[in-house]
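Worksheet: one structure, shown below.
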Amino acid sequence: MTDKSAVRSGYHHGSLPAALTAAALELLDEQGLEKVTVREVARRAGVSPGAPFRHFADRQALLTAVADLILEDLEQWQRAQVAAAEAPATRAIGLGFVRYAIRHPHRFELVKSSVYRPDQPASVRARVTGLERAFTDLIVADQESGTLRPGDPALVALAGQALVYGLSQMIVDGFLPAAEAEHLSEQVLDLFGIGIAHIPPT
């Protein structure tokens with residue numbers, strides 16, 4: 001998504017916050033959450049160690065901006081997954097989340113720490129609310145088409161989130177073998193009821 005040339009070009013065009021978040025995302029992808037420091041991000045963006053603090057109060061504020069960037073990327077990824085899928089949209093959303101975590105384990109760790117907490121930052125909360133609203137609309141549409149079991153859409157959404165979050169964490173932790181992770185996730189999602197029409201009756 002982001003490379004060093006993009007980091008530099010963002011700064012040269014006068015958008016230091018964008019360049020800093022791009023540099024932080026690059027560092028996150030390469031080395032993991034613990035290695036994302038304000039000093040290293042500043043170095044990669046080509047500015048002084050104190051420059052980032054003109055835009056971000058501290059490291060956590062910078063990470064929140066990166067999390068928001070990741071959620072935007074995840075939303076675009078999810079839309080593409082739904083557009084390309086022949087299966088029900090909710091199944092595509094669930095599998096898409098797991099696929100994103102497999103491809104970007106360090107991003108998953110940051111999103112986990114930013115989203116699944118009682119005091120979500122305001123920017124993250126606004127984006128998550130939009131994602132949840134869109135997910136609920138897809139649930140209702142799949143229920144009406146008969147491809148998803150009936151039930152309170154809010155509870156189905158919560159159960160679906162818990163399922164894909166748990167699967168993603170098990171994969172990132174190495175509990176599920178990476179070579180089989182996507183296939184196992186497909187099977188679990190079908191058992192949950194996303195794509196239930198494809199499961200033969202017992």
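By convention in this document, the chains of the structure tokens carry letters A, B, ... by their order, each chain's residues are numbered from 1, and ligands are numbered from 1 in the order they are shown.
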Using only C-alpha atoms, determine which residues lie at most 8 Å from segment 155-161 of chain A, disregarding the query and same-chain residues fewer than 6 positions distant; provide the list as JSON, numbers by chain. {"A": [94, 132, 135, 136, 139]}
Okay, now the selection with all heavy atoms, as a PDB file, in the first residue's frame?
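Generated file (selection.pdb):
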ATOM      1  N   GLY A  94     -16.824 -11.779   5.965  1.00  0.00           N
ATOM      2  CA  GLY A  94     -16.137 -12.539   7.004  1.00  0.00           C
ATOM      3  C   GLY A  94     -14.833 -13.122   6.524  1.00  0.00           C
ATOM      4  O   GLY A  94     -13.790 -13.003   7.177  1.00  0.00           O
ATOM      5  N   GLU A 132     -19.893  -1.016  10.626  1.00  0.00           N
ATOM      6  CA  GLU A 132     -20.911  -1.857  11.258  1.00  0.00           C
ATOM      7  C   GLU A 132     -22.283  -1.636  10.635  1.00  0.00           C
ATOM      8  O   GLU A 132     -23.061  -2.583  10.461  1.00  0.00           O
ATOM      9  CB  GLU A 132     -20.950  -1.579  12.761  1.00  0.00           C
ATOM     10  CG  GLU A 132     -19.716  -2.086  13.496  1.00  0.00           C
ATOM     11  CD  GLU A 132     -19.733  -1.751  14.967  1.00  0.00           C
ATOM     12  OE1 GLU A 132     -20.519  -0.841  15.365  1.00  0.00           O
ATOM     13  OE2 GLU A 132     -18.986  -2.376  15.738  1.00  0.00           O
ATOM     14  N   PHE A 135     -22.292  -3.457   7.369  1.00  0.00           N
ATOM     15  CA  PHE A 135     -22.334  -4.901   7.611  1.00  0.00           C
ATOM     16  C   PHE A 135     -23.744  -5.338   7.986  1.00  0.00           C
ATOM     17  O   PHE A 135     -24.244  -6.363   7.504  1.00  0.00           O
ATOM     18  CB  PHE A 135     -21.344  -5.255   8.722  1.00  0.00           C
ATOM     19  CG  PHE A 135     -21.229  -6.729   8.999  1.00  0.00           C
ATOM     20  CD1 PHE A 135     -21.246  -7.661   7.976  1.00  0.00           C
ATOM     21  CD2 PHE A 135     -21.074  -7.184  10.297  1.00  0.00           C
ATOM     22  CE1 PHE A 135     -21.127  -9.019   8.233  1.00  0.00           C
ATOM     23  CE2 PHE A 135     -20.962  -8.542  10.571  1.00  0.00           C
ATOM     24  CZ  PHE A 135     -20.986  -9.454   9.539  1.00  0.00           C
ATOM     25  N   THR A 136     -24.416  -4.554   8.820  1.00  0.00           N
ATOM     26  CA  THR A 136     -25.784  -4.890   9.226  1.00  0.00           C
ATOM     27  C   THR A 136     -26.727  -4.872   8.027  1.00  0.00           C
ATOM     28  O   THR A 136     -27.609  -5.735   7.896  1.00  0.00           O
ATOM     29  CB  THR A 136     -26.278  -3.910  10.297  1.00  0.00           C
ATOM     30  OG1 THR A 136     -25.421  -3.987  11.448  1.00  0.00           O
ATOM     31  CG2 THR A 136     -27.710  -4.249  10.733  1.00  0.00           C
ATOM     32  N   ILE A 139     -26.280  -8.059   6.196  1.00  0.00           N
ATOM     33  CA  ILE A 139     -26.901  -9.164   6.933  1.00  0.00           C
ATOM     34  C   ILE A 139     -28.395  -9.228   6.639  1.00  0.00           C
ATOM     35  O   ILE A 139     -28.950 -10.292   6.347  1.00  0.00           O
ATOM     36  CB  ILE A 139     -26.662  -9.001   8.445  1.00  0.00           C
ATOM     37  CG1 ILE A 139     -25.189  -9.310   8.776  1.00  0.00           C
ATOM     38  CG2 ILE A 139     -27.587  -9.916   9.258  1.00  0.00           C
ATOM     39  CD1 ILE A 139     -24.806  -9.001  10.195  1.00  0.00           C
TER      40      ILE A 139
END
Using only C-alpha atoms, which protein or nucleic acid residues come within 10 Å of Ser123 of chain A? Drop anything in the same chain fewer than 6 positions from it, and give the result as number ranges by chain. A: 64-65, 67-68
Please provide the set of residues having any atom within 9 Å of segment 34-36 of chain A, restricted to only C-alpha atoms, with same-chain residues fewer than 5 positions apart removed, written as a PDB file with N, CA, C and O atoms, in the first residue's frame.
ATOM      1  N   ALA A  24       4.882   5.362   9.274  1.00  0.00           N
ATOM      2  CA  ALA A  24       4.549   4.488  10.403  1.00  0.00           C
ATOM      3  C   ALA A  24       3.927   3.183   9.924  1.00  0.00           C
ATOM      4  O   ALA A  24       4.223   2.105  10.464  1.00  0.00           O
ATOM      5  N   LEU A  25       3.082   3.268   8.909  1.00  0.00           N
ATOM      6  CA  LEU A  25       2.465   2.060   8.359  1.00  0.00           C
ATOM      7  C   LEU A  25       3.521   1.168   7.723  1.00  0.00           C
ATOM      8  O   LEU A  25       3.496  -0.061   7.882  1.00  0.00           O
ATOM      9  N   LEU A  27       6.679   1.005   8.515  1.00  0.00           N
ATOM     10  CA  LEU A  27       7.462   0.423   9.602  1.00  0.00           C
ATOM     11  C   LEU A  27       6.674  -0.689  10.291  1.00  0.00           C
ATOM     12  O   LEU A  27       7.228  -1.739  10.650  1.00  0.00           O
ATOM     13  N   LEU A  28       5.385  -0.469  10.490  1.00  0.00           N
ATOM     14  CA  LEU A  28       4.526  -1.485  11.096  1.00  0.00           C
ATOM     15  C   LEU A  28       4.527  -2.766  10.269  1.00  0.00           C
ATOM     16  O   LEU A  28       4.701  -3.864  10.812  1.00  0.00           O
ATOM     17  N   VAL A  41       9.972   6.855  12.847  1.00  0.00           N
ATOM     18  CA  VAL A  41       9.027   7.355  11.850  1.00  0.00           C
ATOM     19  C   VAL A  41       9.501   8.707  11.305  1.00  0.00           C
ATOM     20  O   VAL A  41       9.451   8.955  10.092  1.00  0.00           O
ATOM     21  N   ARG A  59       3.004   9.021  20.748  1.00  0.00           N
ATOM     22  CA  ARG A  59       3.053   7.824  19.906  1.00  0.00           C
ATOM     23  C   ARG A  59       1.649   7.243  19.697  1.00  0.00           C
ATOM     24  O   ARG A  59       1.303   6.814  18.594  1.00  0.00           O
ATOM     25  N   LEU A  63      -0.311   6.286  16.272  1.00  0.00           N
ATOM     26  CA  LEU A  63      -0.834   4.944  15.997  1.00  0.00           C
ATOM     27  C   LEU A  63      -2.336   4.978  15.712  1.00  0.00           C
ATOM     28  O   LEU A  63      -2.826   4.196  14.895  1.00  0.00           O
TER      29      LEU A  63
END
Can you check which residues of segment 111-193 of chain A DSSP gives as alpha helix (DSSP H) on the backbone and send them as a PyMOL selection string? chain A and resi 111-115+122-145+153-172+178-192
Could you turn the residues from that selection into a file that holds C-alpha atoms, as an mmCIF file, in the first residue's frame?
data_model
loop_
_atom_site.group_PDB
_atom_site.id
_atom_site.type_symbol
_atom_site.label_atom_id
_atom_site.label_comp_id
_atom_site.auth_asym_id
_atom_site.auth_seq_id
_atom_site.Cartn_x
_atom_site.Cartn_y
_atom_site.Cartn_z
ATOM 1 C CA VAL A 111 -6.540 -2.656 14.642
ATOM 2 C CA LYS A 112 -7.258 -5.095 17.461
ATOM 3 C CA SER A 113 -5.747 -2.747 20.039
ATOM 4 C CA SER A 114 -7.534 0.290 18.573
ATOM 5 C CA VAL A 115 -10.991 -1.107 17.816
ATOM 6 C CA ALA A 122 -13.217 9.274 18.122
ATOM 7 C CA SER A 123 -11.886 8.901 14.561
ATOM 8 C CA VAL A 124 -11.741 5.129 14.871
ATOM 9 C CA ARG A 125 -15.198 4.954 16.434
ATOM 10 C CA ALA A 126 -16.708 6.960 13.566
ATOM 11 C CA ARG A 127 -15.171 4.688 10.941
ATOM 12 C CA VAL A 128 -16.117 1.513 12.818
ATOM 13 C CA THR A 129 -19.697 2.737 13.167
ATOM 14 C CA GLY A 130 -19.902 3.177 9.412
ATOM 15 C CA LEU A 131 -18.480 -0.286 8.803
ATOM 16 C CA GLU A 132 -20.911 -1.857 11.258
ATOM 17 C CA ARG A 133 -23.864 -0.102 9.647
ATOM 18 C CA ALA A 134 -22.867 -1.386 6.214
ATOM 19 C CA PHE A 135 -22.334 -4.901 7.611
ATOM 20 C CA THR A 136 -25.784 -4.890 9.226
ATOM 21 C CA ASP A 137 -27.376 -3.852 5.924
ATOM 22 C CA LEU A 138 -25.689 -6.811 4.207
ATOM 23 C CA ILE A 139 -26.901 -9.164 6.933
ATOM 24 C CA VAL A 140 -30.504 -8.034 6.446
ATOM 25 C CA ALA A 141 -30.209 -8.420 2.668
ATOM 26 C CA ASP A 142 -28.789 -11.960 2.977
ATOM 27 C CA GLN A 143 -31.464 -12.924 5.498
ATOM 28 C CA GLU A 144 -34.167 -11.694 3.149
ATOM 29 C CA SER A 145 -32.648 -13.695 0.288
ATOM 30 C CA PRO A 153 -29.190 -8.592 12.765
ATOM 31 C CA ALA A 154 -27.306 -6.886 15.596
ATOM 32 C CA LEU A 155 -26.706 -10.215 17.345
ATOM 33 C CA VAL A 156 -25.770 -11.923 14.087
ATOM 34 C CA ALA A 157 -23.295 -9.105 13.420
ATOM 35 C CA LEU A 158 -21.778 -9.454 16.890
ATOM 36 C CA ALA A 159 -21.484 -13.220 16.540
ATOM 37 C CA GLY A 160 -19.934 -12.822 13.104
ATOM 38 C CA GLN A 161 -17.401 -10.308 14.366
ATOM 39 C CA ALA A 162 -16.462 -12.564 17.274
ATOM 40 C CA LEU A 163 -16.028 -15.498 14.916
ATOM 41 C CA VAL A 164 -13.778 -13.812 12.354
ATOM 42 C CA TYR A 165 -11.831 -11.992 15.067
ATOM 43 C CA GLY A 166 -11.180 -15.289 16.848
ATOM 44 C CA LEU A 167 -10.206 -17.062 13.642
ATOM 45 C CA SER A 168 -7.869 -14.232 12.697
ATOM 46 C CA GLN A 169 -6.212 -14.253 16.109
ATOM 47 C CA MET A 170 -5.710 -18.022 15.998
ATOM 48 C CA ILE A 171 -4.109 -17.710 12.562
ATOM 49 C CA VAL A 172 -1.865 -14.774 13.508
ATOM 50 C CA ALA A 178 -1.120 -20.948 7.653
ATOM 51 C CA ALA A 179 -1.328 -23.329 4.689
ATOM 52 C CA GLU A 180 -4.799 -24.457 5.724
ATOM 53 C CA ALA A 181 -6.036 -21.293 7.413
ATOM 54 C CA GLU A 182 -8.180 -19.935 4.598
ATOM 55 C CA HIS A 183 -9.815 -23.279 3.817
ATOM 56 C CA LEU A 184 -10.555 -23.894 7.501
ATOM 57 C CA SER A 185 -12.017 -20.408 7.770
ATOM 58 C CA GLU A 186 -14.341 -21.071 4.845
ATOM 59 C CA GLN A 187 -15.600 -24.244 6.535
ATOM 60 C CA VAL A 188 -16.135 -22.521 9.872
ATOM 61 C CA LEU A 189 -17.996 -19.625 8.280
ATOM 62 C CA ASP A 190 -20.296 -22.070 6.514
ATOM 63 C CA LEU A 191 -21.026 -23.839 9.791
ATOM 64 C CA PHE A 192 -21.850 -20.499 11.382
#
Between A:Ala42, A:Leu148, A:Leu74, A:Ala101, which one has atoms that come closest to Leu62 of chain A, using only C-alpha atoms?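 Going through A:Ala42, A:Leu148, A:Leu74, A:Ala101 one by one, the smallest distance to Leu62 of chain A is for A:Ala42.
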Which of A:Ala61, A:Ser48, A:Ala80, A:Gln31 sits closest to Gln120 of chain A [using only C-alpha atoms]: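 Of A:Ala61, A:Ser48, A:Ala80, A:Gln31, the one nearest Gln120 of chain A, counting only C-alpha atoms, is A:Ala61.
Here atom CA of Arg44 of chain A is placed at a distance of 14.5 Å from atom CA of Ser15 of chain A.
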Within 10 Å of Trp77 of chain A using only C-alpha atoms, minus same-chain residues under 6 positions, as a PDB file with all heavy atoms, in the first residue's frame:
ATOM      1  N   LEU A  71      -8.046   0.983   8.648  1.00  0.00           N
ATOM      2  CA  LEU A  71      -9.486   0.712   8.552  1.00  0.00           C
ATOM      3  C   LEU A  71     -10.044   1.185   7.214  1.00  0.00           C
ATOM      4  O   LEU A  71     -10.922   0.536   6.637  1.00  0.00           O
ATOM      5  CB  LEU A  71     -10.225   1.382   9.711  1.00  0.00           C
ATOM      6  CG  LEU A  71     -10.038   0.735  11.076  1.00  0.00           C
ATOM      7  CD1 LEU A  71     -10.641   1.612  12.175  1.00  0.00           C
ATOM      8  CD2 LEU A  71     -10.684  -0.652  11.118  1.00  0.00           C
ATOM      9  N   ALA A  83     -17.610  -7.553  -4.052  1.00  0.00           N
ATOM     10  CA  ALA A  83     -17.858  -7.391  -5.486  1.00  0.00           C
ATOM     11  C   ALA A  83     -17.408  -8.608  -6.284  1.00  0.00           C
ATOM     12  O   ALA A  83     -18.023  -8.964  -7.298  1.00  0.00           O
ATOM     13  CB  ALA A  83     -17.157  -6.140  -6.001  1.00  0.00           C
ATOM     14  N   ILE A  93     -17.604 -10.911   3.392  1.00  0.00           N
ATOM     15  CA  ILE A  93     -17.083  -9.957   4.375  1.00  0.00           C
ATOM     16  C   ILE A  93     -16.270 -10.692   5.441  1.00  0.00           C
ATOM     17  O   ILE A  93     -15.159 -10.291   5.804  1.00  0.00           O
ATOM     18  CB  ILE A  93     -18.236  -9.182   5.042  1.00  0.00           C
ATOM     19  CG1 ILE A  93     -18.812  -8.151   4.075  1.00  0.00           C
ATOM     20  CG2 ILE A  93     -17.763  -8.507   6.324  1.00  0.00           C
ATOM     21  CD1 ILE A  93     -17.953  -6.925   3.876  1.00  0.00           C
ATOM     22  N   GLY A  96     -13.167 -12.126   3.959  1.00  0.00           N
ATOM     23  CA  GLY A  96     -12.288 -11.021   3.608  1.00  0.00           C
ATOM     24  C   GLY A  96     -11.504 -10.509   4.805  1.00  0.00           C
ATOM     25  O   GLY A  96     -10.314 -10.193   4.698  1.00  0.00           O
ATOM     26  N   PHE A  97     -12.153 -10.427   5.955  1.00  0.00           N
ATOM     27  CA  PHE A  97     -11.469  -9.974   7.170  1.00  0.00           C
ATOM     28  C   PHE A  97     -10.331 -10.929   7.530  1.00  0.00           C
ATOM     29  O   PHE A  97      -9.215 -10.507   7.847  1.00  0.00           O
ATOM     30  CB  PHE A  97     -12.470  -9.885   8.321  1.00  0.00           C
ATOM     31  CG  PHE A  97     -11.907  -9.284   9.579  1.00  0.00           C
ATOM     32  CD1 PHE A  97     -12.058  -7.934   9.851  1.00  0.00           C
ATOM     33  CD2 PHE A  97     -11.223 -10.066  10.503  1.00  0.00           C
ATOM     34  CE1 PHE A  97     -11.537  -7.369  11.008  1.00  0.00           C
ATOM     35  CE2 PHE A  97     -10.693  -9.515  11.656  1.00  0.00           C
ATOM     36  CZ  PHE A  97     -10.852  -8.163  11.913  1.00  0.00           C
ATOM     37  N   ARG A  99      -8.773 -13.019   5.525  1.00  0.00           N
ATOM     38  CA  ARG A  99      -7.728 -12.917   4.506  1.00  0.00           C
ATOM     39  C   ARG A  99      -6.849 -11.701   4.745  1.00  0.00           C
ATOM     40  O   ARG A  99      -5.623 -11.754   4.569  1.00  0.00           O
ATOM     41  CB  ARG A  99      -8.369 -12.825   3.115  1.00  0.00           C
ATOM     42  CG  ARG A  99      -8.912 -14.140   2.595  1.00  0.00           C
ATOM     43  CD  ARG A  99      -9.702 -13.915   1.321  1.00  0.00           C
ATOM     44  NE  ARG A  99     -10.094 -15.173   0.691  1.00  0.00           N
ATOM     45  CZ  ARG A  99     -11.031 -15.282  -0.235  1.00  0.00           C
ATOM     46  NH1 ARG A  99     -11.691 -14.187  -0.649  1.00  0.00           N
ATOM     47  NH2 ARG A  99     -11.338 -16.455  -0.761  1.00  0.00           N
ATOM     48  N   TYR A 100      -7.450 -10.593   5.139  1.00  0.00           N
ATOM     49  CA  TYR A 100      -6.679  -9.372   5.398  1.00  0.00           C
ATOM     50  C   TYR A 100      -5.725  -9.593   6.564  1.00  0.00           C
ATOM     51  O   TYR A 100      -4.562  -9.172   6.527  1.00  0.00           O
ATOM     52  CB  TYR A 100      -7.627  -8.214   5.700  1.00  0.00           C
ATOM     53  CG  TYR A 100      -6.970  -6.852   5.636  1.00  0.00           C
ATOM     54  CD1 TYR A 100      -6.889  -6.165   4.432  1.00  0.00           C
ATOM     55  CD2 TYR A 100      -6.450  -6.252   6.779  1.00  0.00           C
ATOM     56  CE1 TYR A 100      -6.298  -4.908   4.361  1.00  0.00           C
ATOM     57  CE2 TYR A 100      -5.853  -5.000   6.725  1.00  0.00           C
ATOM     58  CZ  TYR A 100      -5.784  -4.333   5.517  1.00  0.00           C
ATOM     59  OH  TYR A 100      -5.185  -3.093   5.452  1.00  0.00           O
TER      60      TYR A 100
END
